[in-house]
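What follows is data_20.cif (mmCIF, C-alpha atoms).
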data_entry
loop_
_atom_site.label_atom_id
_atom_site.label_comp_id
_atom_site.auth_asym_id
_atom_site.auth_seq_id
_atom_site.Cartn_x
_atom_site.Cartn_y
_atom_site.Cartn_z
CA MET A 768 108.85 -103.12 -113.82
CA ILE A 769 108.65 -106.74 -114.92
CA SER A 770 111.39 -109.33 -114.54
CA VAL A 771 111.77 -112.47 -116.62
CA THR A 772 113.47 -115.47 -115.05
CA LEU A 773 115.03 -118.25 -117.10
CA SER A 774 115.50 -121.45 -115.12
CA PRO A 775 118.40 -123.87 -115.50
CA TRP A 776 117.87 -126.73 -117.94
CA VAL A 777 116.07 -129.74 -116.52
CA PHE A 778 116.89 -133.06 -118.15
CA SER A 779 114.46 -135.90 -118.92
CA HIS A 780 115.10 -138.73 -121.35
CA ARG A 781 111.32 -139.11 -121.74
CA LEU A 782 110.93 -135.70 -123.38
CA VAL A 783 110.88 -136.21 -127.16
CA VAL A 784 109.99 -133.37 -129.54
CA GLY A 785 112.03 -134.41 -132.57
CA ALA A 786 113.94 -132.01 -134.78
CA THR A 787 112.07 -128.90 -133.66
CA GLU A 788 112.81 -126.52 -130.81
CA GLU A 789 109.55 -125.88 -128.99
CA PHE A 790 108.28 -122.96 -126.95
CA ALA A 791 104.96 -123.10 -125.11
CA VAL A 792 103.14 -120.29 -123.30
CA GLY A 793 100.73 -121.05 -120.45
CA ASP A 794 97.63 -119.22 -119.23
CA VAL A 795 97.82 -115.44 -119.50
CA HIS A 796 94.33 -114.26 -118.51
CA GLY A 797 94.58 -110.71 -119.75
CA HIS A 798 98.02 -109.84 -118.37
CA ALA A 799 99.35 -108.39 -121.61
CA ASP A 800 102.40 -106.78 -120.02
CA LEU A 801 103.58 -110.15 -118.68
CA LEU A 802 102.87 -111.81 -122.02
CA GLU A 803 104.90 -109.19 -123.87
CA ALA A 804 107.83 -109.80 -121.53
CA VAL A 805 107.63 -113.57 -122.12
CA LEU A 806 107.40 -113.11 -125.88
CA GLU A 807 110.43 -110.81 -125.95
CA THR A 808 112.42 -113.52 -124.21
CA VAL A 809 111.10 -116.24 -126.53
CA ALA A 810 112.08 -114.17 -129.57
CA ARG A 811 115.56 -113.62 -128.14
CA LEU A 812 116.05 -117.32 -127.48
CA ALA A 813 114.52 -118.48 -130.77
CA GLY A 814 116.45 -116.00 -132.89
CA GLY A 815 114.09 -116.51 -135.83
CA ARG A 816 115.45 -119.99 -136.53
CA PRO A 817 113.17 -121.94 -138.93
CA SER A 818 113.16 -124.97 -136.62
CA THR A 819 111.57 -123.05 -133.72
CA ARG A 820 107.86 -123.39 -132.92
CA LEU A 821 105.70 -121.40 -130.51
CA THR A 822 102.48 -122.87 -129.09
CA TYR A 823 99.94 -120.89 -127.12
CA LEU A 824 98.22 -123.29 -124.71
CA GLY A 825 95.06 -121.18 -124.42
CA ASP A 826 93.35 -118.91 -121.87
CA LEU A 827 94.82 -115.70 -123.18
CA ILE A 828 91.72 -113.86 -122.01
CA ASP A 829 89.40 -113.06 -119.08
CA ARG A 830 89.92 -111.98 -115.47
CA GLY A 831 92.97 -109.78 -116.11
CA PRO A 832 93.02 -106.16 -117.33
CA ASP A 833 93.83 -106.38 -121.07
CA SER A 834 92.40 -109.38 -122.90
CA ARG A 835 92.18 -107.41 -126.13
CA ARG A 836 95.92 -106.73 -126.19
CA CYS A 837 96.67 -110.39 -125.41
CA LEU A 838 94.57 -111.51 -128.37
CA GLU A 839 96.18 -108.96 -130.65
CA LEU A 840 99.67 -110.09 -129.61
CA ALA A 841 98.81 -113.75 -130.23
CA ALA A 842 97.30 -112.96 -133.62
CA ARG A 843 100.62 -111.64 -134.95
CA SER A 844 102.61 -113.68 -137.43
CA ALA A 845 105.36 -116.18 -136.65
CA ARG A 846 107.86 -113.72 -138.10
CA ASP A 847 106.65 -111.01 -135.70
CA HIS A 848 107.07 -113.50 -132.85
CA GLY A 849 110.63 -114.29 -133.98
CA VAL A 850 109.92 -118.01 -134.47
CA GLY A 851 109.68 -120.37 -137.41
CA ALA A 852 106.02 -121.33 -136.94
CA MET A 853 103.02 -120.61 -134.69
CA HIS A 854 100.33 -122.78 -133.15
CA ARG A 855 97.39 -121.39 -131.19
CA LEU A 856 95.38 -123.82 -129.06
CA MET A 857 91.92 -123.12 -127.71
CA GLY A 858 91.42 -122.79 -123.98
CA ASN A 859 88.05 -122.96 -122.29
CA HIS A 860 87.94 -119.16 -122.10
CA GLU A 861 88.48 -118.72 -125.84
CA GLN A 862 85.87 -121.44 -126.31
CA MET A 863 83.29 -119.41 -124.38
CA MET A 864 84.15 -116.19 -126.21
CA ARG A 865 83.86 -117.85 -129.62
CA LEU A 866 80.64 -119.64 -128.68
CA PHE A 867 79.11 -116.36 -127.59
CA MET A 868 80.27 -114.49 -130.70
CA GLU A 869 78.80 -117.21 -132.90
CA GLY A 870 75.36 -117.02 -131.29
CA HIS A 871 75.43 -119.38 -128.30
CA PRO A 872 73.50 -117.92 -125.32
CA CYS A 873 76.44 -118.34 -122.94
CA LEU A 874 77.09 -114.70 -122.00
CA PHE A 875 76.34 -115.19 -118.32
CA THR A 876 78.40 -118.39 -118.12
CA TRP A 877 81.28 -116.56 -119.77
CA CYS A 878 80.97 -113.57 -117.44
CA ALA A 879 80.82 -115.88 -114.41
CA ASN A 880 84.23 -117.14 -115.52
CA GLY A 881 85.81 -113.71 -115.93
CA GLY A 882 84.41 -112.71 -119.31
CA GLY A 883 83.31 -109.31 -118.02
CA ALA A 884 86.98 -108.26 -117.84
CA ALA A 885 87.46 -109.26 -121.48
CA LEU A 886 84.39 -107.25 -122.50
CA ASN A 887 85.73 -104.25 -120.56
CA SER A 888 89.00 -104.46 -122.51
CA PHE A 889 86.94 -103.98 -125.68
CA GLY A 890 85.16 -100.97 -124.15
CA ILE A 891 81.96 -102.83 -123.26
CA ASP A 892 80.59 -102.29 -119.74
CA MET A 893 77.93 -104.90 -118.97
CA ASP A 894 76.23 -102.77 -116.31
CA GLU A 895 76.06 -99.79 -118.65
CA VAL A 896 74.64 -101.89 -121.49
CA GLU A 897 72.04 -103.38 -119.17
CA ARG A 898 70.93 -99.96 -117.93
CA ALA A 899 70.71 -98.59 -121.47
CA LEU A 900 68.66 -101.58 -122.60
CA ALA A 901 66.29 -101.22 -119.63
CA ARG A 902 65.68 -97.58 -120.52
CA LYS A 903 65.06 -98.48 -124.17
CA HIS A 904 62.75 -101.43 -123.44
CA PRO A 905 61.22 -100.86 -119.99
CA SER A 906 58.49 -103.44 -120.56
CA ARG A 907 60.86 -106.33 -121.18
CA SER A 908 61.72 -108.64 -118.31
CA GLY A 909 62.88 -112.15 -117.54
CA TRP A 910 64.14 -114.26 -120.40
CA MET A 911 63.10 -111.70 -123.00
CA PHE A 912 65.32 -109.07 -121.42
CA GLU A 913 68.21 -111.51 -121.02
CA ALA A 914 67.97 -112.56 -124.66
CA ALA A 915 67.93 -108.93 -125.79
CA LEU A 916 70.92 -108.17 -123.55
CA GLN A 917 72.92 -111.03 -125.04
CA ASP A 918 72.11 -109.88 -128.57
CA ASP A 919 73.07 -106.29 -127.73
CA VAL A 920 76.41 -107.28 -126.19
CA ARG A 921 77.13 -109.66 -129.07
CA ASP A 922 76.54 -106.91 -131.64
CA ARG A 923 78.75 -104.49 -129.75
CA LEU A 924 81.53 -107.07 -129.46
CA ALA A 925 81.38 -108.01 -133.14
CA ALA A 926 81.78 -104.33 -134.02
CA VAL A 927 85.02 -103.87 -132.08
CA VAL A 928 86.91 -107.18 -132.25
CA PRO A 929 89.64 -106.80 -134.92
CA ALA A 930 89.28 -109.09 -137.93
CA PRO A 931 92.63 -110.85 -137.31
CA VAL A 932 91.47 -111.74 -133.78
CA THR A 933 88.16 -113.14 -135.01
CA ALA A 934 90.02 -115.18 -137.62
CA MET A 935 92.45 -116.47 -135.01
CA LEU A 936 89.65 -117.56 -132.67
CA SER A 937 87.97 -119.44 -135.50
CA ALA A 938 91.22 -121.16 -136.48
CA MET A 939 92.31 -122.28 -133.00
CA THR A 940 92.88 -126.01 -132.67
CA GLY A 941 92.42 -128.35 -129.73
CA HIS A 942 95.84 -129.94 -129.51
CA ARG A 943 99.21 -130.45 -131.12
CA ARG A 944 101.44 -133.51 -131.00
CA VAL A 945 105.18 -133.43 -131.65
CA GLY A 946 107.12 -136.65 -131.21
CA LYS A 947 106.06 -138.05 -127.84
CA THR A 948 104.87 -134.67 -126.56
CA LEU A 949 101.25 -133.53 -126.58
CA PHE A 950 100.32 -129.86 -126.23
CA VAL A 951 96.73 -129.29 -125.05
CA HIS A 952 95.00 -126.71 -122.89
CA ALA A 953 93.54 -128.67 -119.97
CA GLY A 954 94.58 -132.28 -120.46
CA ILE A 955 93.26 -135.69 -121.46
CA ASP A 956 91.24 -138.40 -119.77
CA PRO A 957 93.64 -141.28 -119.02
CA ARG A 958 90.68 -143.68 -118.68
CA THR A 959 89.68 -143.35 -122.33
CA ASP A 960 91.36 -143.59 -125.71
CA THR A 961 93.54 -140.51 -126.24
CA PHE A 962 92.44 -140.11 -129.85
CA GLN A 963 88.77 -140.14 -128.85
CA THR A 964 89.35 -137.58 -126.10
CA LEU A 965 91.12 -135.21 -128.48
CA GLN A 966 88.49 -135.60 -131.20
CA GLN A 967 85.75 -134.07 -129.07
CA PRO A 968 84.28 -131.07 -130.92
CA TRP A 969 85.57 -127.66 -129.92
CA ASP A 970 82.13 -126.44 -128.81
CA ALA A 971 81.34 -129.21 -126.30
CA LEU A 972 80.80 -127.78 -122.81
CA VAL A 973 81.51 -130.93 -120.79
CA ASP A 974 83.78 -131.61 -117.80
CA HIS A 975 86.05 -134.16 -119.50
CA HIS A 976 86.63 -132.03 -122.57
CA TRP A 977 90.25 -131.31 -123.51
CA ALA A 978 89.62 -127.61 -122.73
CA TRP A 979 88.01 -128.22 -119.31
CA ILE A 980 89.23 -131.45 -117.73
CA ARG A 981 90.90 -131.55 -114.33
CA GLU A 982 90.27 -135.02 -112.96
CA PRO A 983 91.25 -137.76 -113.46
CA PHE A 984 93.99 -136.12 -115.53
CA LEU A 985 95.65 -134.39 -112.57
CA SER A 986 95.54 -137.56 -110.44
CA HIS A 987 97.47 -139.59 -113.03
CA ARG A 988 100.60 -140.97 -111.36
CA ALA A 989 102.39 -143.01 -114.05
CA GLU A 990 105.54 -141.57 -115.64
CA THR A 991 103.79 -141.14 -119.02
CA PHE A 992 100.35 -141.40 -120.55
CA ALA A 993 99.27 -143.88 -123.25
CA GLU A 994 101.78 -144.28 -126.10
CA ASP A 995 104.49 -142.89 -123.77
CA LEU A 996 103.10 -139.39 -124.20
CA LEU A 997 104.11 -136.44 -122.06
CA VAL A 998 101.48 -133.70 -121.81
CA VAL A 999 102.30 -129.98 -121.73
CA HIS A 1000 99.21 -128.14 -120.50
CA GLY A 1001 97.69 -125.28 -118.53
CA HIS A 1002 94.15 -124.65 -117.17
CA THR A 1003 94.72 -125.58 -113.51
CA PRO A 1004 97.00 -123.14 -111.64
CA GLU A 1005 100.17 -124.87 -110.51
CA PRO A 1006 99.90 -123.46 -106.96
CA GLU A 1007 96.56 -125.31 -106.61
CA VAL A 1008 98.08 -128.54 -107.95
CA LEU A 1009 101.02 -128.29 -105.57
CA ASP A 1010 98.69 -127.67 -102.64
CA THR A 1011 96.63 -130.74 -103.55
CA GLU A 1012 99.77 -132.85 -103.85
CA GLN A 1013 101.18 -131.31 -100.64
CA ARG A 1014 104.35 -130.25 -102.41
CA ALA A 1015 106.50 -127.22 -101.64
CA PRO A 1016 105.92 -124.22 -103.96
CA GLY A 1017 109.56 -124.35 -105.10
CA GLY A 1018 108.87 -127.66 -106.84
CA GLY A 1019 106.38 -126.21 -109.29
CA HIS A 1020 106.36 -126.41 -113.09
CA ARG A 1021 108.41 -129.60 -113.16
CA LEU A 1022 107.79 -132.52 -115.47
CA ARG A 1023 106.21 -135.14 -113.22
CA CYS A 1024 103.61 -137.89 -113.62
CA GLY A 1025 103.68 -137.35 -117.38
CA ARG A 1026 102.70 -133.68 -117.13
CA LEU A 1027 104.32 -130.27 -117.41
CA ASN A 1028 101.90 -127.62 -116.16
CA LEU A 1029 102.50 -124.07 -117.41
CA ASP A 1030 99.55 -122.39 -115.71
CA ALA A 1031 101.22 -120.12 -113.17
CA GLY A 1032 97.88 -118.81 -111.90
CA SER A 1033 98.40 -115.45 -113.56
CA TYR A 1034 95.03 -114.05 -112.50
CA CYS A 1035 95.95 -114.37 -108.81
CA THR A 1036 99.78 -114.61 -108.74
CA GLY A 1037 100.75 -111.99 -111.31
CA ARG A 1038 102.96 -114.49 -113.13
CA VAL A 1039 102.95 -115.98 -116.62
CA ALA A 1040 104.96 -119.13 -117.33
CA ALA A 1041 106.35 -120.54 -120.55
CA SER A 1042 108.84 -123.24 -121.45
CA GLN A 1043 111.55 -123.97 -123.97
CA LEU A 1044 111.59 -127.69 -124.85
CA CYS A 1045 114.13 -129.73 -126.80
CA ASP A 1046 114.79 -133.46 -126.96
CA GLY A 1047 115.74 -134.59 -123.46
CA ARG A 1048 115.58 -131.22 -121.71
CA TYR A 1049 113.43 -128.20 -120.93
CA ARG A 1050 113.63 -124.95 -119.02
CA LEU A 1051 111.15 -122.39 -117.77
CA ILE A 1052 110.55 -118.76 -118.64
CA VAL A 1053 108.58 -116.93 -115.94
CA ALA A 1054 107.54 -113.28 -116.14
CA ARG A 1055 106.44 -111.51 -113.01
CA ARG A 1056 106.14 -108.03 -111.60
CA CYS A 1057 109.16 -107.08 -109.54
CA ALA A 1058 107.04 -106.56 -106.43
CA ASP A 1059 106.40 -110.34 -106.44
CA SER A 1060 108.75 -111.88 -103.89
CA GLY A 1061 107.42 -115.44 -104.06
CA PRO A 1062 109.65 -118.50 -104.50
CA GLU A 1063 111.22 -119.33 -107.83
CA PRO A 1064 109.60 -122.24 -109.68
CA HIS A 1065 112.86 -124.23 -109.42
CA GLY A 1066 114.18 -122.67 -106.25
CA PRO A 1067 116.28 -119.50 -106.05
CA ASP A 1068 119.13 -119.17 -108.51
CA PRO A 1069 120.78 -115.75 -108.95
CA ALA A 1070 122.08 -116.79 -112.38
CA CYS A 1071 118.52 -117.14 -113.68
CA GLU A 1072 117.78 -113.43 -113.95
CA PHE A 1073 117.56 -113.06 -117.71
CA ALA A 1074 115.84 -109.84 -118.65
CA GLN A 1075 113.92 -106.86 -117.41
CA THR A 1076 111.40 -104.80 -119.28
#
Can you dump the structure from the file as structure tokens?
Amino acid sequence: MISVTLSPWVFSHRLVVGATEEFAVGDVHGHADLLEAVLETVARLAGGRPSTRLTYLGDLIDRGPDSRRCLELAARSARDHGVGAMHRLMGNHEQMMRLFMEGHPCLFTWCANGGGAALNSFGIDMDEVERALARKHPSRSGWMFEAALQDDVRDRLAAVVPAPVTAMLSAMTGHRRVGKTLFVHAGIDPRTDTFQTLQQPWDALVDHHWAWIREPFLSHRAETFAEDLLVVHGHTPEPEVLDTEQRAPGGGHRLRCGRLNLDAGSYCTGRVAASQLCDGRYRLIVARRCADSGPEPHGPDPACEFAQT
């Protein structure tokens, strides 16, 4: 059983999204059941209105049990999602998957970051592939064997990834700006020009990339970023951020220091967070398994229980 909690509205005059009604979904990491529960709630709230927009912030895949289903859900149309338009942003995990599928030798980097779980969801067992390749080419070793293994896994993956998913991965963008609100997977570097940060190519594997950055983004303490921007992001689990800031868990997923973090740490907490954002206010949508008895992101509120699936 999964419960979905809808928080009370939180008001902020700095939140500006214009004429649209925005929904954003944070890191999912293969928890398709939680994602489905969030999306059912989003569809109910959006009601198919043309002014509604849904943005995936990235990291749909890896670590959790069903990356394939998460990708298939995200690849559906806006109409199927019950919203007016869709936007799919690239996270660092989608970056690694796409790089690998397009020929980059990053299989082991991807697997070290949870990619093995994604491969399993497509029916590919790395250990089994490695054993089969060793039997087929017993004389190969070292880099020759590793190169052959990467090619073998890549071929197997290409054969089973649905075409709509491949197309979606290729079409993912790095960011989206609406009014004074920026949607991006990991964040921006407040020390550099925002435009330059966001123009980094999608395939750059560097620490300060918009799909990978943590610091100095998370240490930013002003009320907004350059141009009065607020940033809606994921990538760093909110429990880790709260621990670093020495804040109580009940204060999580709040707009503070110019950021709204929607990474609920799904791979370790069993929660997926999303948000509904309008001019001057926002509220949270959090899906979790009913066995989870942790604190609510805005403190306990019996009136928040919105749906069960």
Residues matched by the PyMOL selection byres ((chain A and resi 1047) around 10) as a ChimeraX atom specification: /A:776-785,1044-1046,1048-1049
Who sits within 7 Å of range 1051-1058 of chain A, all atoms listed in the file, same chain under 3 positions skipped, as a count of residues only: 17
Point-to-point distance in Å for CA of Glu869 in chain A and CA of Ser844 in chain A: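 For CA of Ser844 in chain A relative to CA of Glu869 in chain A, the distance reads 24.5 Å.
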Residues matched by the PyMOL selection byres ((chain A and resi 929-938) around 12) as a PyMOL selection string: chain A and resi 823+825-828+834-844+853-869+889+924-928+939-941+969-970
Residues matched by the PyMOL selection byres ((chain A and resi 809) around 10) as a PyMOL selection string: chain A and resi 790-792+803-808+810-815+819+821+848-850+1041-1043+1052
Interatomic distance (Å, one decimal) between CA of Gly1001 in chain A and CA of Ile891 in chain A: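 Taking CA of Gly1001 in chain A as the start and CA of Ile891 in chain A as the end point, the length is 27.8 Å.
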Computed interatomic separation between CA of Pro872 in chain A and CA of Val896 in chain A (Å):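 Straight-line distance from CA of Pro872 in chain A to CA of Val896 in chain A works out to 16.5 Å.
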Would you mind putting all heavy atoms back on range 926-937 of chain A and writing the result as a tab-separated table (two decimals), in the coordinates of the input?
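Below you can see rebuild_0.tsv, which holds the result:
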chain	number	residue	atom	x	y	z
A	926	ALA	N	81.40	-105.59	-133.38
A	926	ALA	CA	81.78	-104.33	-134.02
A	926	ALA	C	83.18	-103.87	-133.65
A	926	ALA	O	83.78	-103.05	-134.36
A	926	ALA	CB	80.77	-103.24	-133.66
A	927	VAL	N	83.73	-104.39	-132.54
A	927	VAL	CA	85.02	-103.87	-132.08
A	927	VAL	C	86.15	-104.91	-132.08
A	927	VAL	O	87.32	-104.53	-131.96
A	927	VAL	CB	84.89	-103.27	-130.65
A	927	VAL	CG1	84.00	-102.04	-130.69
A	927	VAL	CG2	84.35	-104.29	-129.66
A	928	VAL	N	85.84	-106.18	-132.22
A	928	VAL	CA	86.91	-107.18	-132.25
A	928	VAL	C	87.61	-107.11	-133.61
A	928	VAL	O	86.96	-107.23	-134.65
A	928	VAL	CB	86.36	-108.61	-132.04
A	928	VAL	CG1	87.47	-109.65	-132.22
A	928	VAL	CG2	85.76	-108.73	-130.64
A	929	PRO	N	88.92	-106.89	-133.64
A	929	PRO	CA	89.64	-106.80	-134.92
A	929	PRO	C	89.49	-108.08	-135.73
A	929	PRO	O	89.44	-109.19	-135.18
A	929	PRO	CB	91.09	-106.57	-134.50
A	929	PRO	CG	91.01	-106.02	-133.11
A	929	PRO	CD	89.82	-106.68	-132.49
A	930	ALA	N	89.45	-107.94	-137.04
A	930	ALA	CA	89.28	-109.09	-137.93
A	930	ALA	C	90.35	-110.16	-137.72
A	930	ALA	O	90.02	-111.36	-137.72
A	930	ALA	CB	89.25	-108.63	-139.38
A	931	PRO	N	91.62	-109.80	-137.54
A	931	PRO	CA	92.63	-110.85	-137.31
A	931	PRO	C	92.36	-111.66	-136.04
A	931	PRO	O	92.68	-112.85	-135.99
A	931	PRO	CB	93.94	-110.07	-137.21
A	931	PRO	CG	93.69	-108.80	-137.94
A	931	PRO	CD	92.26	-108.47	-137.67
A	932	VAL	N	91.79	-111.03	-135.02
A	932	VAL	CA	91.47	-111.74	-133.78
A	932	VAL	C	90.32	-112.70	-134.00
A	932	VAL	O	90.36	-113.86	-133.55
A	932	VAL	CB	91.15	-110.74	-132.65
A	932	VAL	CG1	90.57	-111.46	-131.44
A	932	VAL	CG2	92.40	-109.97	-132.25
A	933	THR	N	89.28	-112.25	-134.70
A	933	THR	CA	88.16	-113.14	-135.01
A	933	THR	C	88.63	-114.33	-135.82
A	933	THR	O	88.24	-115.48	-135.55
A	933	THR	CB	87.08	-112.38	-135.79
A	933	THR	OG1	86.62	-111.27	-135.01
A	933	THR	CG2	85.90	-113.28	-136.12
A	934	ALA	N	89.49	-114.09	-136.80
A	934	ALA	CA	90.02	-115.18	-137.62
A	934	ALA	C	90.85	-116.14	-136.79
A	934	ALA	O	90.77	-117.37	-136.96
A	934	ALA	CB	90.85	-114.61	-138.76
A	935	MET	N	91.63	-115.62	-135.87
A	935	MET	CA	92.45	-116.47	-135.01
A	935	MET	C	91.58	-117.35	-134.12
A	935	MET	O	91.84	-118.55	-133.97
A	935	MET	CB	93.37	-115.63	-134.14
A	935	MET	CG	94.23	-116.45	-133.18
A	935	MET	SD	95.24	-115.42	-132.08
A	935	MET	CE	93.97	-114.69	-131.04
A	936	LEU	N	90.54	-116.79	-133.52
A	936	LEU	CA	89.65	-117.56	-132.67
A	936	LEU	C	89.01	-118.71	-133.45
A	936	LEU	O	88.88	-119.82	-132.95
A	936	LEU	CB	88.57	-116.66	-132.07
A	936	LEU	CG	89.02	-115.67	-131.00
A	936	LEU	CD1	87.89	-114.70	-130.67
A	936	LEU	CD2	89.46	-116.40	-129.73
A	937	SER	N	88.61	-118.42	-134.68
A	937	SER	CA	87.97	-119.44	-135.50
A	937	SER	C	88.94	-120.54	-135.93
A	937	SER	O	88.52	-121.67	-136.20
A	937	SER	CB	87.34	-118.80	-136.75
A	937	SER	OG	86.34	-117.88	-136.38
